[in-house]
>>> print(open('my_file_1.tsv').read())   # TSV, C-alpha atoms
chain	number	residue	atom	x	y	z
A	234	MET	CA	154.18	143.86	92.13
A	235	SER	CA	153.81	140.48	93.79
A	236	GLU	CA	156.92	138.80	95.18
A	237	HIS	CA	155.51	135.42	94.23
A	238	PRO	CA	156.84	133.89	91.00
A	239	ARG	CA	154.41	133.08	88.20
A	240	TYR	CA	154.57	129.71	86.53
A	241	GLY	CA	153.46	129.20	82.95
A	242	ARG	CA	150.77	126.54	82.77
A	243	THR	CA	150.29	126.51	79.03
A	244	GLY	CA	152.46	125.10	76.26
A	245	PRO	CA	153.95	121.64	75.94
A	246	LEU	CA	155.68	121.76	79.33
A	247	GLY	CA	152.99	123.69	81.20
A	248	TRP	CA	151.68	120.54	82.87
A	249	LEU	CA	154.98	120.20	84.74
A	250	ASN	CA	154.08	123.33	86.70
A	251	VAL	CA	150.75	121.97	87.86
A	252	LEU	CA	151.96	121.43	91.44
A	253	LYS	CA	153.81	124.74	91.67
A	254	TRP	CA	151.73	127.28	93.48
A	255	GLU	CA	152.93	130.82	93.20
A	256	GLY	CA	150.89	131.83	96.24
A	257	MET	CA	152.08	128.99	98.46
A	258	ARG	CA	153.30	130.07	101.89
A	259	LYS	CA	156.96	129.75	102.82
A	260	ILE	CA	156.20	127.49	105.79
A	261	ASP	CA	154.25	125.10	103.53
A	262	ARG	CA	157.14	124.93	101.08
A	263	GLN	CA	159.60	124.24	103.92
A	264	ASN	CA	157.40	121.55	105.47
A	265	GLU	CA	156.82	119.97	102.07
A	266	LYS	CA	160.57	119.84	101.40
A	267	ARG	CA	161.11	118.18	104.80
A	268	VAL	CA	158.47	115.51	104.04
A	269	ASN	CA	159.97	114.88	100.59
A	270	ALA	CA	163.50	114.56	102.03
A	271	PHE	CA	162.41	112.07	104.72
A	272	ALA	CA	160.30	110.12	102.21
A	273	PHE	CA	163.29	109.91	99.86
A	274	LEU	CA	165.55	108.64	102.66
A	275	TRP	CA	162.85	106.18	103.70
A	276	ALA	CA	162.57	104.81	100.14
A	277	LEU	CA	166.35	104.64	99.83
A	278	CYS	CA	166.67	102.72	103.13
A	279	LEU	CA	163.82	100.40	102.15
A	280	ILE	CA	165.52	99.49	98.86
A	281	GLY	CA	168.90	99.11	100.59
A	282	ALA	CA	167.47	96.95	103.38
A	283	ALA	CA	165.55	94.76	100.89
A	284	LEU	CA	168.76	94.14	98.93
A	285	LEU	CA	170.85	93.40	102.03
A	286	VAL	CA	168.25	91.09	103.59
A	287	ALA	CA	168.41	88.92	100.45
A	288	TRP	CA	172.15	88.42	101.10
A	289	PRO	CA	172.85	84.67	101.52
A	290	GLY	CA	173.75	83.53	105.03
A	291	LEU	CA	172.68	86.72	106.74
A	292	PRO	CA	172.09	86.19	110.49
A	293	ASN	CA	168.46	86.41	111.54
A	294	TRP	CA	169.06	89.22	114.06
A	295	LEU	CA	170.74	91.34	111.37
A	296	GLY	CA	167.72	90.87	109.12
A	297	TRP	CA	165.52	92.28	111.90
A	298	ALA	CA	167.93	95.15	112.51
A	299	LEU	CA	167.95	96.01	108.79
A	300	ALA	CA	164.17	96.04	108.70
A	301	ILE	CA	164.07	98.52	111.59
A	302	VAL	CA	166.25	101.18	109.88
A	303	PRO	CA	163.71	102.09	107.14
A	304	ALA	CA	160.93	101.92	109.74
A	305	ILE	CA	162.69	104.69	111.68
A	306	PHE	CA	162.75	106.89	108.58
A	307	GLY	CA	159.12	105.91	107.94
A	308	VAL	CA	158.13	107.21	111.38
A	309	LEU	CA	160.15	110.41	110.81
A	310	THR	CA	158.35	110.89	107.46
A	311	MET	CA	155.00	110.39	109.15
A	312	ARG	CA	155.89	112.95	111.84
A	313	ALA	CA	157.00	115.45	109.20
A	314	TYR	CA	153.75	114.84	107.29
A	315	LEU	CA	151.66	115.42	110.41
A	316	LYS	CA	153.53	118.68	111.02
A	317	LEU	CA	152.87	119.64	107.41
A	318	LEU	CA	149.14	118.95	107.80
A	319	ARG	CA	148.86	120.85	111.10
A	320	GLU	CA	150.55	123.98	109.78
A	321	MET	CA	149.26	123.77	106.23
A	322	ASP	CA	147.17	126.34	104.42
A	323	GLU	CA	143.56	125.20	104.86
A	324	LEU	CA	142.79	124.86	101.15
A	325	LEU	CA	145.88	122.70	100.60
A	326	ARG	CA	144.97	120.70	103.71
A	327	GLN	CA	141.52	120.02	102.29
A	328	MET	CA	143.17	118.82	99.07
A	329	GLN	CA	145.44	116.51	101.08
A	330	PHE	CA	142.51	115.05	103.04
A	331	GLU	CA	140.54	114.41	99.85
A	332	ALA	CA	143.57	112.72	98.26
A	333	MET	CA	144.09	110.59	101.37
A	334	ALA	CA	140.40	109.57	101.35
A	335	VAL	CA	140.64	108.60	97.68
A	336	GLY	CA	143.91	106.71	98.28
A	337	PHE	CA	142.60	104.88	101.35
A	338	GLY	CA	139.29	104.05	99.62
A	339	THR	CA	141.10	102.72	96.58
A	340	GLY	CA	143.27	100.47	98.78
A	341	LEU	CA	140.21	99.22	100.65
A	342	ILE	CA	138.25	98.46	97.49
A	343	ILE	CA	141.16	96.76	95.73
A	344	GLY	CA	142.22	94.90	98.87
A	345	ASN	CA	138.74	93.45	99.40
A	346	MET	CA	138.50	92.60	95.71
A	347	LEU	CA	141.81	90.70	95.73
A	348	VAL	CA	140.83	88.71	98.81
A	349	ILE	CA	137.81	87.22	97.04
A	350	ILE	CA	139.68	86.54	93.78
A	351	ASP	CA	140.48	82.85	93.84
A	352	GLY	CA	144.08	82.03	93.07
A	353	PHE	CA	145.53	85.56	93.32
A	354	PRO	CA	149.17	85.08	94.44
A	355	ARG	CA	149.41	85.94	98.14
A	356	ASP	CA	152.91	87.39	97.73
A	357	PHE	CA	151.53	90.13	95.50
A	358	ILE	CA	148.57	91.19	97.65
A	359	ALA	CA	150.50	93.86	99.61
A	360	PRO	CA	152.11	95.56	96.57
A	361	ALA	CA	148.85	95.19	94.64
A	362	ILE	CA	147.14	97.26	97.36
A	363	VAL	CA	149.90	99.78	98.15
A	364	ALA	CA	150.68	100.71	94.53
A	365	PRO	CA	147.07	101.65	93.54
A	366	MET	CA	146.72	103.52	96.86
A	367	ALA	CA	149.79	105.64	96.09
A	368	ILE	CA	148.75	106.15	92.46
A	369	ALA	CA	145.18	107.13	93.40
A	370	TYR	CA	146.51	109.58	96.05
A	371	SER	CA	148.92	111.16	93.54
A	372	ILE	CA	146.27	111.44	90.81
A	373	ARG	CA	143.86	113.16	93.23
A	374	ILE	CA	146.57	115.64	94.27
A	375	VAL	CA	147.36	116.48	90.64
A	376	LEU	CA	143.66	116.80	89.74
A	377	GLY	CA	143.03	119.00	92.80
A	378	ALA	CA	145.99	121.22	91.95
A	379	ARG	CA	144.89	121.47	88.31
A	380	GLN	CA	141.34	122.32	89.36
A	381	LEU	CA	142.60	125.15	91.57
A	382	ALA	CA	145.09	126.34	88.96
A	383	GLN	CA	142.23	126.65	86.47
A	384	GLN	CA	140.21	128.91	88.75
A	385	PRO	CA	140.08	132.43	87.37
A	386	VAL	CA	142.61	134.52	89.27
A	387	GLU	CA	142.55	138.28	89.09
A	388	ALA	CA	145.28	139.94	87.08
A	389	GLU	CA	148.20	141.34	89.03
A	390	ASP	CA	146.43	144.06	90.94
A	391	GLU	CA	147.82	147.06	92.73
B	109	MET	CA	128.47	130.29	101.24
B	110	ASN	CA	128.23	133.79	99.78
B	111	ASN	CA	130.66	136.46	100.88
B	112	ARG	CA	131.62	140.09	100.24
B	113	LEU	CA	135.36	139.49	100.33
B	114	ARG	CA	136.06	140.72	96.80
B	115	VAL	CA	134.00	143.88	97.30
B	116	LEU	CA	135.59	144.68	100.66
B	117	ARG	CA	139.03	144.05	99.26
B	118	ALA	CA	138.36	146.27	96.24
B	119	GLU	CA	137.07	149.06	98.51
B	120	ARG	CA	140.39	148.99	100.34
B	121	ARG	CA	142.42	148.64	97.11
B	122	MET	CA	143.96	145.48	98.43
B	123	SER	CA	145.37	142.70	96.26
B	124	GLN	CA	144.62	139.03	96.86
B	125	ALA	CA	148.29	138.51	97.69
B	126	THR	CA	148.23	141.28	100.33
B	127	LEU	CA	145.06	139.93	101.91
B	128	ALA	CA	146.50	136.40	101.83
B	129	GLU	CA	149.58	137.66	103.66
B	130	LEU	CA	147.47	139.42	106.29
B	131	LEU	CA	145.39	136.28	106.79
B	132	ASP	CA	148.42	133.96	106.68
B	133	VAL	CA	146.92	131.79	103.94
B	134	SER	CA	147.83	131.18	100.29
B	135	ARG	CA	146.55	133.50	97.56
B	136	GLN	CA	144.68	130.51	96.12
B	137	THR	CA	142.73	130.22	99.37
B	138	VAL	CA	141.63	133.86	99.16
B	139	ASN	CA	140.70	133.32	95.52
B	140	ALA	CA	138.75	130.11	96.27
B	141	ILE	CA	136.83	131.85	99.09
B	142	GLU	CA	135.97	134.80	96.84
B	143	LEU	CA	134.71	132.42	94.15
B	144	GLY	CA	132.65	130.49	96.70
B	145	LYS	CA	134.66	127.31	96.04
B	146	HIS	CA	135.90	127.06	99.60
B	147	ASP	CA	134.21	127.83	102.89
B	148	PRO	CA	136.74	129.24	105.35
B	149	SER	CA	137.29	127.68	108.76
B	150	LEU	CA	135.85	129.50	111.77
B	151	GLN	CA	139.37	130.61	112.73
B	152	LEU	CA	139.99	132.09	109.27
B	153	ALA	CA	136.56	133.74	109.20
B	154	PHE	CA	137.44	135.50	112.47
B	155	ARG	CA	140.77	136.65	111.01
B	156	VAL	CA	138.93	138.05	107.97
B	157	SER	CA	136.56	139.82	110.33
B	158	GLN	CA	139.52	141.35	112.19
B	159	VAL	CA	141.27	142.47	108.99
B	160	PHE	CA	138.18	144.29	107.71
B	161	SER	CA	137.03	145.38	111.20
B	162	LEU	CA	133.56	144.08	110.48
B	163	PRO	CA	131.37	141.45	112.17
B	164	ILE	CA	131.47	138.04	110.46
B	165	GLU	CA	127.80	138.19	109.44
B	166	GLN	CA	128.51	141.36	107.45
B	167	ILE	CA	131.15	139.53	105.43
B	168	PHE	CA	129.78	136.00	105.12
B	169	ASP	CA	126.24	135.04	104.26
B	170	PRO	CA	125.22	131.41	104.71
B	171	GLY	CA	122.82	131.74	101.79
B	172	ALA	CA	119.11	131.01	101.56
B	173	GLU	CA	119.44	127.21	101.67
B	174	GLN	CA	121.50	127.12	104.85
B	175	ALA	CA	119.33	129.76	106.49
B	176	ARG	CA	116.26	127.60	105.77
B	177	ALA	CA	118.04	124.54	107.17
B	178	ALA	CA	118.80	126.42	110.39
B	179	GLU	CA	115.12	127.29	110.93
>>> encode(input="my_file_1.tsv", output="structure tokens")
Amino acid sequence: MSEHPRYGRTGPLGWLNVLKWEGMRKIDRQNEKRVNAFAFLWALCLIGAALLVAWPGLPNWLGWALAIVPAIFGVLTMRAYLKLLREMDELLRQMQFEAMAVGFGTGLIIGNMLVIIDGFPRDFIAPAIVAPMAIAYSIRIVLGARQLAQQPVEAEDE
Amino acid sequence: MNNRLRVLRAERRMSQATLAELLDVSRQTVNAIELGKHDPSLQLAFRVSQVFSLPIEQIFDPGAEQARAAE
């Protein structure tokens, strides 16, 4: 009997289990949790800093200091992600690289498109690039995971 | 790339999960290699070779197309 849990992928809520891999290694799960925790803190700091920076009469130096705090968590997230990639199962790593290529390509295509659109508000260029990048990356991860989940797996042997 | 992983595993009555543990990869990786959906890295191919105590070329076959390309 395998020690790995089995996740139901059918039924109305089966799609929620698409990213749960019963055969995933412990080290990958741990590294993934670390990346998620740092990314969450990074996002939290980013929102907090954005709100505080908008405070009226805030000294300029404090604005700079507030911008640095989320950047620190950003670097920590990046380090955790690099560790995840280095130690990752090679099939999962391939999936990550493909998703990154799709995300980066989407950002490049949309970024270049927005630059040539006359009258596109400059303030929205950065979010208009980052959001599709993140969405494209996430979609590719989900599609990759679904594709692998649909591969015929042998019944519980032994 | 073709391979004899499933046959060799069956001969030794080994589950995908057991082989995955021996190779330090996920069970999905073993499954994807067996189905020919994923070509293992050189490092992993050597580990497979060690687990089955066989030379790599007796486990993995580059297939006719790649053999022709190498000529």
>>> residues_around(input="my_file_1.tsv", residues="Asn269 (chain A)", least_positions_apart="6", cutoff="12 Å", atoms="only C-alpha atoms", output="MDAnalysis selection string")
chainID A and resid 262:263 275:276 306:307 309:311 313:314 317
>>> residues_around(input="my_file_1.tsv", residues="region 161-171 of chain B", least_positions_apart="4", cutoff="12 Å", atoms="only C-alpha atoms", output="short mmCIF file (atom, residue, chain, number, x, y, z; two decimals) with C-alpha atoms, in the frame of the given file")
data_model
loop_
_atom_site.label_atom_id
_atom_site.label_comp_id
_atom_site.auth_asym_id
_atom_site.auth_seq_id
_atom_site.Cartn_x
_atom_site.Cartn_y
_atom_site.Cartn_z
CA MET B 109 128.47 130.29 101.24
CA ASN B 110 128.23 133.79 99.78
CA ASN B 111 130.66 136.46 100.88
CA ARG B 112 131.62 140.09 100.24
CA LEU B 113 135.36 139.49 100.33
CA ARG B 114 136.06 140.72 96.80
CA VAL B 115 134.00 143.88 97.30
CA LEU B 116 135.59 144.68 100.66
CA ARG B 117 139.03 144.05 99.26
CA ARG B 120 140.39 148.99 100.34
CA ILE B 141 136.83 131.85 99.09
CA GLU B 142 135.97 134.80 96.84
CA GLY B 144 132.65 130.49 96.70
CA ASP B 147 134.21 127.83 102.89
CA PRO B 148 136.74 129.24 105.35
CA SER B 149 137.29 127.68 108.76
CA LEU B 150 135.85 129.50 111.77
CA GLN B 151 139.37 130.61 112.73
CA LEU B 152 139.99 132.09 109.27
CA ALA B 153 136.56 133.74 109.20
CA PHE B 154 137.44 135.50 112.47
CA ARG B 155 140.77 136.65 111.01
CA VAL B 156 138.93 138.05 107.97
CA SER B 157 136.56 139.82 110.33
CA ALA B 175 119.33 129.76 106.49
CA ARG B 176 116.26 127.60 105.77
CA ALA B 177 118.04 124.54 107.17
CA ALA B 178 118.80 126.42 110.39
#
>>> atom_distance(input="my_file_1.tsv", atom1="CA of Arg312 (chain A)", atom2="CA of Gly338 (chain A)")
22.5 Å
>>> interface_residues(input="my_file_1.tsv", of="chain B", to="chain A", cutoff="10 Å", atoms="only C-alpha atoms", output="PyMOL selection string")
chain B and resi 118+121-126+128-129+132-141+143+145-149+152
>>> atom_distance(input="my_file_1.tsv", atom1="CA of Phe337 (chain A)", atom2="CA of Ala364 (chain A)")
11.4 Å
>>> atom_distance(input="my_file_1.tsv", atom1="CA of Ala332 (chain A)", atom2="CA of Tyr370 (chain A)")
4.8 Å
>>> axis_aligned_box(input="my_file_1.tsv", around="region 136-152 of chain B", padding_each_side="6 Å", output="AutoDock Vina command-line options")
--center_x 138.7 --center_y 130.9 --center_z 103.4 --size_x 24.0 --size_y 19.7 --size_z 30.6
>>> residues_around(input="my_file_1.tsv", residues="Ala369 (chain A)", least_positions_apart="4", cutoff="8 Å", atoms="only C-alpha atoms", output="JSON, numbers by chain")
{"A": [332, 335, 336, 339, 365, 373]}
>>> residues_near_point(input="my_file_1.tsv", point="(149.3, 92.6, 96.1)", cutoff="12 Å", atoms="all atoms listed in the file", output="PyMOL selection string")
chain A and resi 340+343-348+350+353-366
>>> residues_around(input="my_file_1.tsv", residues="Leu315 (chain A)", least_positions_apart="4", cutoff="12 Å", atoms="only C-alpha atoms", output="JSON, numbers by chain")
{"A": [264, 265, 267, 268, 308, 309, 310, 311, 319, 320, 321, 326, 329, 330]}
>>> decode(input="my_file_1.tsv", residues="region 110-159 of chain B", atoms="N, CA and C atoms", output="CSV table (one decimal), in the first residue's frame")
chain,number,residue,atom,x,y,z
B,110,ASN,N,12.5,5.5,-26.5
B,110,ASN,CA,11.9,4.2,-25.9
B,110,ASN,C,12.7,3.8,-24.7
B,111,ASN,N,12.0,3.0,-23.9
B,111,ASN,CA,12.7,2.5,-22.7
B,111,ASN,C,12.0,1.2,-22.2
B,112,ARG,N,12.8,0.4,-21.5
B,112,ARG,CA,12.2,-0.9,-20.9
B,112,ARG,C,11.9,-0.8,-19.5
B,113,LEU,N,11.7,0.4,-19.0
B,113,LEU,CA,11.5,0.6,-17.6
B,113,LEU,C,10.3,-0.2,-17.0
B,114,ARG,N,9.2,-0.2,-17.7
B,114,ARG,CA,8.0,-0.9,-17.2
B,114,ARG,C,8.3,-2.4,-17.1
B,115,VAL,N,8.9,-2.9,-18.1
B,115,VAL,CA,9.2,-4.3,-18.2
B,115,VAL,C,10.2,-4.7,-17.0
B,116,LEU,N,11.2,-3.9,-16.9
B,116,LEU,CA,12.2,-4.2,-15.9
B,116,LEU,C,11.6,-4.1,-14.5
B,117,ARG,N,10.8,-3.1,-14.3
B,117,ARG,CA,10.1,-3.0,-13.0
B,117,ARG,C,9.2,-4.1,-12.7
B,118,ALA,N,8.4,-4.6,-13.7
B,118,ALA,CA,7.5,-5.7,-13.6
B,118,ALA,C,8.3,-7.0,-13.3
B,119,GLU,N,9.4,-7.2,-13.9
B,119,GLU,CA,10.2,-8.3,-13.6
B,119,GLU,C,10.7,-8.4,-12.2
B,120,ARG,N,10.9,-7.2,-11.6
B,120,ARG,CA,11.3,-7.2,-10.2
B,120,ARG,C,10.2,-7.0,-9.2
B,121,ARG,N,8.9,-7.0,-9.8
B,121,ARG,CA,7.7,-6.8,-8.9
B,121,ARG,C,7.8,-5.5,-8.1
B,122,MET,N,8.2,-4.5,-8.8
B,122,MET,CA,8.4,-3.2,-8.1
B,122,MET,C,7.3,-2.2,-8.5
B,123,SER,N,6.8,-1.5,-7.6
B,123,SER,CA,5.7,-0.5,-7.9
B,123,SER,C,6.4,0.8,-8.4
B,124,GLN,N,5.6,1.6,-9.1
B,124,GLN,CA,6.1,2.9,-9.5
B,124,GLN,C,6.6,3.7,-8.3
B,125,ALA,N,5.8,3.7,-7.3
B,125,ALA,CA,6.1,4.4,-6.0
B,125,ALA,C,7.5,4.0,-5.5
B,126,THR,N,7.7,2.7,-5.4
B,126,THR,CA,9.0,2.1,-4.9
B,126,THR,C,10.2,2.6,-5.8
B,127,LEU,N,10.0,2.5,-7.1
B,127,LEU,CA,11.1,2.9,-8.0
B,127,LEU,C,11.3,4.4,-7.9
B,128,ALA,N,10.2,5.1,-7.7
B,128,ALA,CA,10.4,6.6,-7.6
B,128,ALA,C,11.2,6.9,-6.3
B,129,GLU,N,10.9,6.2,-5.3
B,129,GLU,CA,11.6,6.4,-4.0
B,129,GLU,C,13.1,6.1,-4.2
B,130,LEU,N,13.4,5.0,-4.9
B,130,LEU,CA,14.8,4.6,-5.1
B,130,LEU,C,15.5,5.6,-5.9
B,131,LEU,N,14.8,6.2,-6.9
B,131,LEU,CA,15.4,7.2,-7.8
B,131,LEU,C,15.4,8.6,-7.3
B,132,ASP,N,14.7,8.8,-6.2
B,132,ASP,CA,14.5,10.1,-5.6
B,132,ASP,C,13.8,11.1,-6.6
B,133,VAL,N,12.7,10.6,-7.2
B,133,VAL,CA,11.9,11.4,-8.1
B,133,VAL,C,10.4,11.2,-7.7
B,134,SER,N,9.5,11.9,-8.3
B,134,SER,CA,8.1,11.7,-8.0
B,134,SER,C,7.6,10.5,-8.8
B,135,ARG,N,6.5,9.9,-8.4
B,135,ARG,CA,5.9,8.8,-9.1
B,135,ARG,C,5.5,9.2,-10.5
B,136,GLN,N,5.1,10.5,-10.6
B,136,GLN,CA,4.6,11.0,-11.9
B,136,GLN,C,5.8,11.0,-12.9
B,137,THR,N,7.0,11.2,-12.4
B,137,THR,CA,8.2,11.2,-13.3
B,137,THR,C,8.4,9.8,-13.8
B,138,VAL,N,8.3,8.8,-12.9
B,138,VAL,CA,8.5,7.4,-13.4
B,138,VAL,C,7.5,7.1,-14.4
B,139,ASN,N,6.2,7.5,-14.1
B,139,ASN,CA,5.1,7.2,-15.0
B,139,ASN,C,5.4,7.9,-16.4
B,140,ALA,N,5.8,9.2,-16.4
B,140,ALA,CA,6.0,9.9,-17.6
B,140,ALA,C,7.1,9.3,-18.4
B,141,ILE,N,8.2,8.8,-17.8
B,141,ILE,CA,9.3,8.2,-18.5
B,141,ILE,C,8.8,6.9,-19.1
B,142,GLU,N,8.0,6.1,-18.3
B,142,GLU,CA,7.5,4.8,-18.9
B,142,GLU,C,6.6,5.0,-20.1
B,143,LEU,N,5.9,6.1,-20.1
B,143,LEU,CA,5.0,6.4,-21.2
B,143,LEU,C,5.7,7.1,-22.3
B,144,GLY,N,6.9,7.4,-22.2
B,144,GLY,CA,7.7,8.1,-23.2
B,144,GLY,C,7.3,9.5,-23.3
B,145,LYS,N,6.7,10.1,-22.3
B,145,LYS,CA,6.3,11.5,-22.3
B,145,LYS,C,7.5,12.4,-21.8
B,146,HIS,N,8.4,11.8,-21.1
B,146,HIS,CA,9.5,12.6,-20.6
B,146,HIS,C,10.8,11.8,-20.7
B,147,ASP,N,11.8,12.5,-21.3
B,147,ASP,CA,13.2,11.9,-21.4
B,147,ASP,C,13.9,12.2,-20.1
B,148,PRO,N,14.5,11.2,-19.4
B,148,PRO,CA,15.2,11.5,-18.2
B,148,PRO,C,16.5,12.3,-18.4
B,149,SER,N,16.9,13.0,-17.4
B,149,SER,CA,18.2,13.6,-17.5
B,149,SER,C,19.3,12.6,-17.4
B,150,LEU,N,20.5,12.9,-17.8
B,150,LEU,CA,21.6,12.0,-17.8
B,150,LEU,C,21.8,11.4,-16.4
B,151,GLN,N,21.7,12.3,-15.4
B,151,GLN,CA,21.9,11.9,-14.0
B,151,GLN,C,20.9,10.9,-13.6
B,152,LEU,N,19.6,11.1,-14.0
B,152,LEU,CA,18.6,10.2,-13.6
B,152,LEU,C,18.7,8.8,-14.4
B,153,ALA,N,19.1,8.9,-15.6
B,153,ALA,CA,19.4,7.7,-16.4
B,153,ALA,C,20.4,6.8,-15.8
B,154,PHE,N,21.5,7.5,-15.2
B,154,PHE,CA,22.5,6.7,-14.5
B,154,PHE,C,22.0,6.1,-13.3
B,155,ARG,N,21.1,6.8,-12.6
B,155,ARG,CA,20.5,6.2,-11.3
B,155,ARG,C,19.6,5.0,-11.7
B,156,VAL,N,18.9,5.1,-12.8
B,156,VAL,CA,18.1,4.0,-13.2
B,156,VAL,C,19.0,2.8,-13.5
B,157,SER,N,20.0,3.1,-14.2
B,157,SER,CA,21.0,2.1,-14.6
B,157,SER,C,21.6,1.4,-13.3
B,158,GLN,N,21.8,2.2,-12.3
B,158,GLN,CA,22.3,1.6,-11.0
B,158,GLN,C,21.3,0.7,-10.3
B,159,VAL,N,20.0,1.2,-10.3
B,159,VAL,CA,19.0,0.5,-9.6
B,159,VAL,C,18.7,-0.9,-10.3
